[in-house]
Amino acid sequence: MTIIRAKDQSISTAARCAVAAVLAVLSCHSQAIAAESAAGTRRIVWSAEPVVIPPNTPRRFFEGLWGSSVYPLGNGRLGCTVFDGIAEEHIQFNEDTLWTGDEAETGAFQNFGDMFITIEGHADASPTNGTYRRELDIEKALHTVTYEHAGTRYRREYFASHPANVMVFSFTADKKGAYTGTVSLRDAHPGGEINAAGGTITLSGALRPGQIKLKYEAQAMVLNQGGSVSAANGVVSFKGCDSLLILLDAGTDYLNQRDKGWKQQHPHQRIVERLAKAAGRSFDDMLAEHIKDYQQLFNRVTLQLGDTDAETLKLSTGDRLKAYQSQKPDPDLEEMLFQYARYLMVSSSRPGDLPATLQGVWNPYNWPPWRSDYHTDVNVEMNYWFVDAANLSECFQPLAEWVNSIREVRREATKKEFNVRGWATRSENGIFGGATYHWVPGDASWVAQNLWDHYAFTQDKEYLRTRAYPVLKELCEYWEDSMKTNSAGKLVSPKSQSPEHGPFAEGNSYEQQLAWDLLNNYIEASEALGADSEYRKKVVDMKARLLGPQIGKWGQLQEWAEDLDDPQDRHRHLSHLIAVHPGRQISPATTPELAEAAKVSMNARGDGETGWSKAWKICIWARLRDGDRAYKLAGEFIKGNVYPNLWGCCPPFQIDCNFGYAAGVGEMLVQSHLGVVELLPALPKAWPTGSVRCLRARGGYEVDMEWKDGKLARALIRNVSSPTGECVVRISGVTSKINISPGQAKEFTGKEL
Ligand code: FUC
């Protein structure tokens, strides 16, 4: 493609430019398989050891072993984590709708169960004989395990197909009759039933806690070539088989519609149909379809941040992380983590599904850390910050649909609690609208910021009209009814806590900044739709009367309306810096004094804390245009908060860490929150040469860039969805207005840069 990886030095610069010119106007969506694969560089997470968790391991150790070593597969709805033992394969699986809770209680995302495949004659197989390798290829969303035992080469290939909507596990060998053993399922909940007939095991039951007792079912279908398969006592046995194909599907009767009582038909029939369809197809056929579907999303963006030496590239992922911890430069790993976040997003959030939880669609607990829920005081928002910029707009849809599904429940609860219009929520949220922990007035506006931003990137008016605008408007009404006028005549938010620390006070910066953002976004949204001009005037007035950001006695940006900040406060939440990122109220370009105060606060908070906190700090420093500091935080994150399977950790594993990191990398390369598409606003010295293809910018644009010696060498901006094509760009410090007709692109080289 337009961007040739540095490893592919055989392609001349002239050839590169020619390719660039021809492809300049094509949208990334229509481009074929990325050149990366063709150039022989592949994005692979790998290890030479299976995941071994000794029986009866206490939960806190299990978390460390599971969270750091299993490889995740998912198709948005279904997810599984694989352990890859030789004599016994263990596959823990999830389906995104298996939740406890109801309209009052958050509940928790649930483990669904486990599938075990035991292989006879492997008990003495050694994973350390030098032939064992397990890998996750994130360019294909394909997991492979290979090993040799007693003169036979064994191969397992697993994937979670979005188009076929089932998970697929293949076991092959280079000798006939190599597989004898059993397949079994374990229900993660008590009281269910497990039956086996023919080659299929069925697990079914109903959840007990909570008022909404979801019914669930999973089926594993074992298809063999050669040998025989039989069923007894809930277990499928296979004997002397040349190969096995196991299909796994699961579901519940959850429906994201309150007016239907949150329920639909029992999942049994849907599972039977999906499995029957998949069983009629070959593994190769389903794999080809899966890779095509996945790469339509994944291949849109390529990124190159520099070269890692060949020795480091050969290391297993765990060893590369160790090398990185001992200061070995590895820009390829930094880039890999950006792409890994895209892998996780495509695998855990597809249209029609529920949003990615704190653990995406991978959770082995019934009482998971923080319920594996939708935390609205930073985490679920962070999950979706990077999605549009990383050219995965389709993956955003679940968040908008979830908000839409719970609005009514939240409106009722808010009316009952505060007697105001609109709605608010508490920071722990579930799939039936139930919420727990403190009420946090700013939270709903924060999710609404994601909703607005998705429009800002895509310019999709139908989405704005039906999904974002109604929420923005009802939240304006919430603020209208909830704000008080203080003694200085300013509007202040009701008493609450700045997320998770400090006193309960009025006018916290968290609420003030989020209210500003909400009102500001509402004004733009109503203008874009030509809607509610009278109400808009009211909102303009409210925005003007809001208590704004304040600079305190040590030059800091105040977290509270009173000047209470402690310079020793290292709290993980950065709630008073939302105006810098992801908001747009404070920036070095528009409010330099406040931006300086934000730096004082950021320096005081320090460069430590949880994985997601560091990820957010990357974003904030990038918005403050300090690329080197943003890079330092990226390094702190990789050294301290990334497991060998590349999951980010709080600890424990929390997917916002991965997604927040990707947002940070995006902010370092392109910013567009101020109505200007700004290229390389925070490029660190550590990435002097690099390139990126098809990042998205707000307004409906796509950006390709190549840079050299810390300076932009070539840029291309494509109009993919801007109706006007009036684009303000900031390139190499110069701001100019350009016009790019829909479907066209403008290239910048030479003097313009
Ligand atoms: C917020 C954070 C915690 C954790 C939890 C899921 O409450 O303060 O660190 O990430 O979300």
# chains A, B, ... in the order shown; residues from 1 in each chain; ligands from 1
>>> residues_near_ligand(ligand="ligand 1", cutoff="10 Å", atoms="only C-alpha atoms and all ligand atoms", output="PyMOL selection string")
chain A and resi 357-359+369-380+427-428+437+499-501+571-573+609-613+649-657
>>> residues_around(residues="A:Gln744", least_positions_apart="4", cutoff="8 Å", atoms="only C-alpha atoms", output="PyMOL selection string")
chain A and resi 25+718-720+740
>>> closest_residue(among="A:Asn658, A:Pro368, A:Gln296, A:Leu514", to="A:Arg60", atoms="only C-alpha atoms")
A:Pro368
>>> select_by_dssp(residues="stretch 398-633 of chain A", states="strand (DSSP E)", output="list in words")
Thr425, Arg426, Ser427, Glu428, Asn429, Ala435, Thr436, Tyr437, His438, Trp439, Val440, Lys484, Thr485, Leu491, Val492, Ser496, Gln497, Phe504 and Ala505 of chain A
>>> write_last_selection(atoms="C-alpha atoms", output="compact mmCIF listing (two decimals), in the first residue's frame")
# COMPACT_ATOMS: atom_id res chain seq x y z
CA THR A 425 -26.31 7.40 36.53
CA ARG A 426 -24.07 5.82 39.12
CA SER A 427 -20.60 4.73 38.12
CA GLU A 428 -21.27 0.97 37.86
CA ASN A 429 -23.68 0.10 35.06
CA ALA A 435 -26.58 1.00 38.40
CA THR A 436 -24.70 0.96 41.70
CA TYR A 437 -22.05 2.95 43.66
CA HIS A 438 -22.36 6.76 43.99
CA TRP A 439 -24.53 8.88 41.73
CA VAL A 440 -22.12 10.80 39.49
CA LYS A 484 -27.75 25.84 40.93
CA THR A 485 -26.70 29.49 40.74
CA LEU A 491 -24.14 27.81 37.42
CA VAL A 492 -22.72 24.96 39.49
CA SER A 496 -20.98 15.01 44.28
CA GLN A 497 -17.56 13.47 44.51
CA PHE A 504 -18.63 15.73 48.16
CA ALA A 505 -18.95 19.29 46.87
>>> atom_distance(atom1="atom CA of A:Ser533", atom2="atom CA of A:Gly675")
22.0 Å
>>> atom_distance(atom1="atom CA of A:Val692", atom2="atom CA of A:Gln304")
6.2 Å
>>> residues_around(residues="A:Leu683", least_positions_apart="5", cutoff="12 Å", atoms="only C-alpha atoms", output="PyMOL selection string")
chain A and resi 305+618+621-632+664-671+678+688-691+707-712+732
>>> write_last_selection(atoms="C-alpha atoms", output="compact mmCIF listing (two decimals), in the first residue's frame")
# COMPACT_ATOMS: atom_id res chain seq x y z
CA LEU A 305 7.08 3.93 14.20
CA ILE A 618 -0.44 9.76 27.26
CA TRP A 621 0.31 15.15 27.40
CA ALA A 622 -0.22 14.70 23.67
CA ARG A 623 -3.02 17.28 23.77
CA LEU A 624 -0.68 19.56 25.73
CA ARG A 625 1.71 19.07 22.78
CA ASP A 626 4.44 17.43 24.78
CA GLY A 627 5.24 14.41 22.61
CA ASP A 628 8.27 13.37 24.65
CA ARG A 629 6.31 13.29 27.88
CA ALA A 630 3.49 11.40 26.17
CA TYR A 631 6.09 8.93 24.94
CA LYS A 632 7.55 8.59 28.43
CA GLY A 664 -2.80 8.14 23.14
CA VAL A 665 -0.77 7.03 20.12
CA GLY A 666 -3.49 8.45 17.88
CA GLU A 667 -3.41 11.81 19.71
CA MET A 668 0.37 11.99 19.24
CA LEU A 669 0.00 11.64 15.47
CA VAL A 670 -3.19 13.48 14.50
CA GLN A 671 -5.51 15.77 16.47
CA GLU A 678 -3.43 18.92 12.93
CA PRO A 688 12.01 10.31 14.20
CA THR A 689 10.96 8.36 11.14
CA GLY A 690 7.68 6.65 10.51
CA SER A 691 4.44 6.50 8.63
CA TRP A 707 7.78 11.63 8.42
CA LYS A 708 11.57 11.72 8.50
CA ASP A 709 14.05 13.24 10.96
CA GLY A 710 11.14 14.39 13.08
CA LYS A 711 9.51 16.31 10.19
CA LEU A 712 6.60 15.59 7.95
CA SER A 732 4.29 21.97 10.12
>>> residues_around(residues="stretch 441-444 of chain A", least_positions_apart="5", cutoff="10 Å", atoms="only C-alpha atoms", output="PyMOL selection string")
chain A and resi 375-378+381+403+407+410+422-427+449+471-472+475+478-479+482+493-499+508-515+518
>>> atom_distance(atom1="atom CA of A:Leu136", atom2="atom CA of A:Tyr71")
6.8 Å
>>> select_by_dssp(residues="stretch 269-500 of chain A", states="helix (DSSP H, G or I)", output="ChimeraX atom specification")
/A:269-279,283-298,310-314,317-325,331-348,369-372,379-385,393-418,443-458,461-482
>>> residues_around(residues="stretch 175-184 of chain A", least_positions_apart="2", cutoff="9 Å", atoms="only C-alpha atoms", output="JSON, numbers by chain")
{"A": [114, 115, 116, 117, 118, 119, 120, 121, 152, 153, 154, 171, 172, 173, 186, 196, 201, 220, 222, 226, 227, 234, 235, 236, 237, 238, 239, 240, 241, 242, 243, 244]}
>>> closest_residue(among="A:Gln92, A:Ser204, A:Gln264, A:Asn256", to="A:Ile406", atoms="only C-alpha atoms")
A:Asn256
>>> closest_residue(among="A:Ala389, A:Leu73, A:Leu185, A:Leu399", to="A:Val361", atoms="only C-alpha atoms")
A:Leu73
>>> residues_around(residues="stretch 340-346 of chain A", least_positions_apart="5", cutoff="7 Å", atoms="only C-alpha atoms", output="list in words")
Gly76, Ile138, Phe298, Cys395, Asn658, Phe659 and Ala662 of chain A
>>> closest_residue(among="A:Phe386, A:Tyr294, A:Tyr147, A:Phe283", to="A:Thr128", atoms="only C-alpha atoms")
A:Tyr147
